[in-house]
Amino acid sequence: MFRLSIAFVVVELCSSVVFAQDPAPSWLAYAATKCPFEHQKITFMSASWTVPPLPPLSDNVYFTPWFGIETSDNLNLLQPVNPWNGSNWQIYPEYYQWVPSNNVQPAVLPATQPGARIRGHVTFNGVDAQSYIVSIADSLGTTLNMTVDVQRGSDGKFKQFTNAYVVFEHHAHCSLFPPSRHLQFDGIHIHCDGHEVTPHWRVAKMEGDICNMTARIVERDAIEFTWST
């Protein structure tokens with residue numbers, strides 16, 4: 001069994017004017033929700049899915065399904081990801097911070113196999129720790145965990161992770177997407193301030209309708225992506 005644990009400290013947000021980055025133009029389709037009240041933060045999110053079949057092998061191709069949580073200013077993102085890199089499927093936890101720019105992921109990016117079940121969690125460690133654990137595991141025995149300290153905003157206060165997303169990201173030629181033309185996230189659970197909430201999802205897709213990539217709400221705890229090949 002492969003296990004990895006990473007901890008790091010994120011530096012303070014600078015006081016310059018910044019602009020929200022998400023939803024990004026690279027998001028082909030997504031579902032979004034947030035805590036029901038602005039003063040609440042997401043303290044837990046989890047989801048499961050099955051790794052799709054192998055797409056055609058191709059150099060310089062990268063796309064990924066993922067879910068994650070993001071701060072209210074859309075500048076800090078915690079996400080368990082399952083990318084296709086052109087030759088194999090991978091799983092790993094990732095943190096992206098826009099200001100100062102910082103992208104953190106494990107040094108070792110293990111491969112997983114089509115048909116493997118994936119389970120991801122993002123868990124708040126409490127007000128004293130002010131950190132999150134981002135975890136992803138597959139049914140083959142690989143588990144990766146990363147601890148991320150919550151960044152302070154320009155006002156000196158800890159940022160609040162209030163937004164939740166389920167996303168299929170990055171463009172490729174339609175023939176290079178998985179031949180299944182389908183992926184479903186299920187078992188989605190979201191807690192705000194320690195209490196489970198019923199997500200009120202909204203779905204959207206990239207302008208231009210690339211490969212007919214579509215997100216659909218199946219149940220309160222299930223989001224389906226479909227596409228054309």
# chains A, B, ... in the order shown; residues from 1 in each chain; ligands from 1
$ residues_around --residues "Ala111 in chain A" --least-positions-apart "4" --cutoff "9 Å" --atoms "only C-alpha atoms" --output "MDAnalysis selection string"
chainID A and resid 88:91
$ write_last_selection --atoms "C-alpha atoms" --output "PDB file, in the first residue's frame"
ATOM      1  CA  ASN A  88      -2.343   6.515 -17.470  1.00  0.00           C
ATOM      2  CA  TRP A  89      -4.861   7.587 -14.851  1.00  0.00           C
ATOM      3  CA  GLN A  90      -3.446   9.091 -11.662  1.00  0.00           C
ATOM      4  CA  ILE A  91      -4.813  10.121  -8.261  1.00  0.00           C
TER       5      ILE A  91
END
$ residues_around --residues "Ala164 in chain A" --least-positions-apart "3" --cutoff "9 Å" --atoms "only C-alpha atoms" --output "NGL selection string"
:A and (31-35 or 42 or 45 or 67-70 or 161 or 190)
$ closest_residue --among "A:Pro65, A:Pro199, A:Pro106, A:Gly187" --to "Leu28 in chain A" --atoms "only C-alpha atoms"
A:Pro65
$ atom_distance --atom1 "CA of Asn102 in chain A" --atom2 "CA of Gln21 in chain A"
13.8 Å
$ closest_residue --among "A:Asp209, A:Asp221, A:Asp138, A:Asp59" --to "Val197 in chain A" --atoms "only C-alpha atoms"
A:Asp221
$ select_by_dssp --residues "range 12-147 of chain A" --states "strand (DSSP E or B)" --output "ChimeraX atom specification"
/A:27-34,42-50,63-71,76-81,84,89-90,92-97,102-104,111-112,117-124,131-138,143-147
$ write_last_selection --atoms "C-alpha atoms" --output "short mmCIF file (atom, residue, chain, number, x, y, z; two decimals), in the first residue's frame"
data_model
loop_
_atom_site.label_atom_id
_atom_site.label_comp_id
_atom_site.auth_asym_id
_atom_site.auth_seq_id
_atom_site.Cartn_x
_atom_site.Cartn_y
_atom_site.Cartn_z
CA TRP A 27 -13.78 23.81 -16.75
CA LEU A 28 -15.74 21.93 -19.41
CA ALA A 29 -18.74 21.29 -17.14
CA TYR A 30 -19.34 21.51 -13.40
CA ALA A 31 -21.78 21.52 -10.51
CA ALA A 32 -21.46 24.13 -7.78
CA THR A 33 -22.96 24.75 -4.37
CA LYS A 34 -22.05 26.59 -1.17
CA ILE A 42 -17.28 23.85 4.72
CA THR A 43 -15.79 21.54 7.32
CA PHE A 44 -16.10 18.29 5.36
CA MET A 45 -16.73 17.12 1.80
CA SER A 46 -16.46 13.64 0.36
CA ALA A 47 -17.30 11.87 -2.89
CA SER A 48 -16.70 8.57 -4.70
CA TRP A 49 -16.42 7.62 -8.37
CA THR A 50 -15.12 4.90 -10.68
CA PHE A 63 -7.84 16.25 -18.47
CA THR A 64 -9.27 15.43 -15.09
CA PRO A 65 -12.43 14.88 -13.09
CA TRP A 66 -12.22 16.26 -9.57
CA PHE A 67 -14.18 17.70 -6.67
CA GLY A 68 -13.08 20.26 -4.14
CA ILE A 69 -13.74 23.25 -1.95
CA GLU A 70 -12.70 26.86 -2.41
CA THR A 71 -12.56 30.05 -0.37
CA ASN A 76 -7.66 28.97 -2.63
CA LEU A 77 -8.68 25.52 -3.88
CA LEU A 78 -8.41 22.10 -2.18
CA GLN A 79 -9.09 19.17 -4.50
CA PRO A 80 -8.69 15.39 -4.79
CA VAL A 81 -7.98 14.88 -8.52
CA TRP A 84 -5.50 11.32 -17.35
CA TRP A 89 -4.86 7.59 -14.85
CA GLN A 90 -3.45 9.09 -11.66
CA TYR A 92 -3.47 12.71 -5.84
CA PRO A 93 -4.50 15.56 -3.51
CA GLU A 94 -3.76 19.07 -4.73
CA TYR A 95 -3.81 22.62 -3.41
CA TYR A 96 -3.83 25.68 -5.64
CA GLN A 97 -3.39 29.22 -4.35
CA ASN A 102 1.46 28.30 -5.17
CA ASN A 103 0.53 24.89 -6.54
CA VAL A 104 1.24 21.96 -4.20
CA ALA A 111 -1.14 5.55 -11.26
CA THR A 112 -4.49 3.87 -10.77
CA ARG A 117 -13.21 2.94 -7.06
CA ILE A 118 -11.94 6.30 -5.82
CA ARG A 119 -12.88 7.98 -2.56
CA GLY A 120 -11.84 11.52 -1.65
CA HIS A 121 -12.25 13.61 1.50
CA VAL A 122 -11.52 17.20 2.47
CA THR A 123 -11.70 17.63 6.25
CA PHE A 124 -11.27 20.71 8.46
CA SER A 131 -5.88 23.46 8.50
CA TYR A 132 -7.52 20.91 6.20
CA ILE A 133 -6.62 17.34 5.31
CA VAL A 134 -7.07 16.50 1.63
CA SER A 135 -7.26 12.73 1.12
CA ILE A 136 -7.73 10.45 -1.86
CA ALA A 137 -7.67 6.64 -2.00
CA ASP A 138 -8.45 3.93 -4.53
CA THR A 143 -3.92 6.32 -0.11
CA LEU A 144 -2.54 9.86 -0.18
CA ASN A 145 -3.07 12.59 2.42
CA MET A 146 -1.98 16.23 2.43
CA THR A 147 -2.35 18.79 5.22
#
$ closest_residue --among "A:Pro100, A:His189, A:Asp149, A:Ser228" --to "Asn125 in chain A" --atoms "only C-alpha atoms"
A:Asp149
$ residues_around --residues "Ala172 in chain A" --least-positions-apart "3" --cutoff "10 Å" --atoms "only C-alpha atoms" --output "MDAnalysis selection string"
chainID A and resid 60:63 169 175:177 210:211
$ closest_residue --among "A:Gln160, A:His195, A:Asp73, A:Pro53" --to "Trp98 in chain A" --atoms "only C-alpha atoms"
A:Asp73
$ closest_residue --among "A:Leu75, A:Ile223, A:Arg181, A:Gly194" --to "Gln151 in chain A" --atoms "only C-alpha atoms"
A:Leu75
$ residues_around --residues "His182 in chain A" --least-positions-apart "4" --cutoff "7 Å" --atoms "only C-alpha atoms" --output "list in words"
Phe225, Thr226 and Trp227 of chain A
$ write_last_selection --atoms "N, CA, C and O atoms" --output "PDB file, in the first residue's frame"
ATOM      1  N   PHE A 225     -21.465  13.236 -15.315  1.00  0.00           N
ATOM      2  CA  PHE A 225     -20.902  13.915 -16.482  1.00  0.00           C
ATOM      3  C   PHE A 225     -21.054  13.007 -17.700  1.00  0.00           C
ATOM      4  O   PHE A 225     -20.776  11.802 -17.609  1.00  0.00           O
ATOM      5  N   THR A 226     -21.482  13.573 -18.813  1.00  0.00           N
ATOM      6  CA  THR A 226     -21.538  12.843 -20.071  1.00  0.00           C
ATOM      7  C   THR A 226     -20.885  13.679 -21.157  1.00  0.00           C
ATOM      8  O   THR A 226     -20.819  14.919 -21.059  1.00  0.00           O
ATOM      9  N   TRP A 227     -20.395  13.009 -22.190  1.00  0.00           N
ATOM     10  CA  TRP A 227     -19.707  13.712 -23.280  1.00  0.00           C
ATOM     11  C   TRP A 227     -19.815  12.897 -24.565  1.00  0.00           C
ATOM     12  O   TRP A 227     -20.208  11.724 -24.560  1.00  0.00           O
TER      13      TRP A 227
END
$ closest_residue --among "A:Arg216, A:His170, A:Lys41, A:Arg152" --to "Phe185 in chain A" --atoms "only C-alpha atoms"
A:Arg216
$ select_by_dssp --residues "chain A" --states "helix (DSSP H, G or I)" --output "mmCIF file with N, CA and C atoms, in the first residue's frame"
data_model
loop_
_atom_site.group_PDB
_atom_site.id
_atom_site.type_symbol
_atom_site.label_atom_id
_atom_site.label_comp_id
_atom_site.auth_asym_id
_atom_site.auth_seq_id
_atom_site.Cartn_x
_atom_site.Cartn_y
_atom_site.Cartn_z
ATOM 1 N N CYS A 174 -12.326 15.439 -28.980
ATOM 2 C CA CYS A 174 -13.403 14.591 -28.457
ATOM 3 C C CYS A 174 -13.062 13.105 -28.529
ATOM 4 N N SER A 175 -12.342 12.700 -29.556
ATOM 5 C CA SER A 175 -11.998 11.279 -29.716
ATOM 6 C C SER A 175 -11.030 10.788 -28.653
ATOM 7 N N LEU A 176 -10.410 11.717 -27.890
ATOM 8 C CA LEU A 176 -9.427 11.340 -26.882
ATOM 9 C C LEU A 176 -10.015 11.233 -25.478
ATOM 10 N N ILE A 210 -18.098 22.216 -25.662
ATOM 11 C CA ILE A 210 -17.018 21.354 -26.134
ATOM 12 C C ILE A 210 -17.352 19.888 -25.893
ATOM 13 N N CYS A 211 -17.369 19.126 -26.961
ATOM 14 C CA CYS A 211 -17.629 17.683 -26.918
ATOM 15 C C CYS A 211 -18.937 17.338 -26.207
ATOM 16 N N ASN A 212 -19.848 18.315 -26.185
ATOM 17 C CA ASN A 212 -21.135 18.128 -25.524
ATOM 18 C C ASN A 212 -20.962 17.698 -24.066
#
$ atom_distance --atom1 "CA of Ile217 in chain A" --atom2 "CA of Thr142 in chain A"
28.9 Å
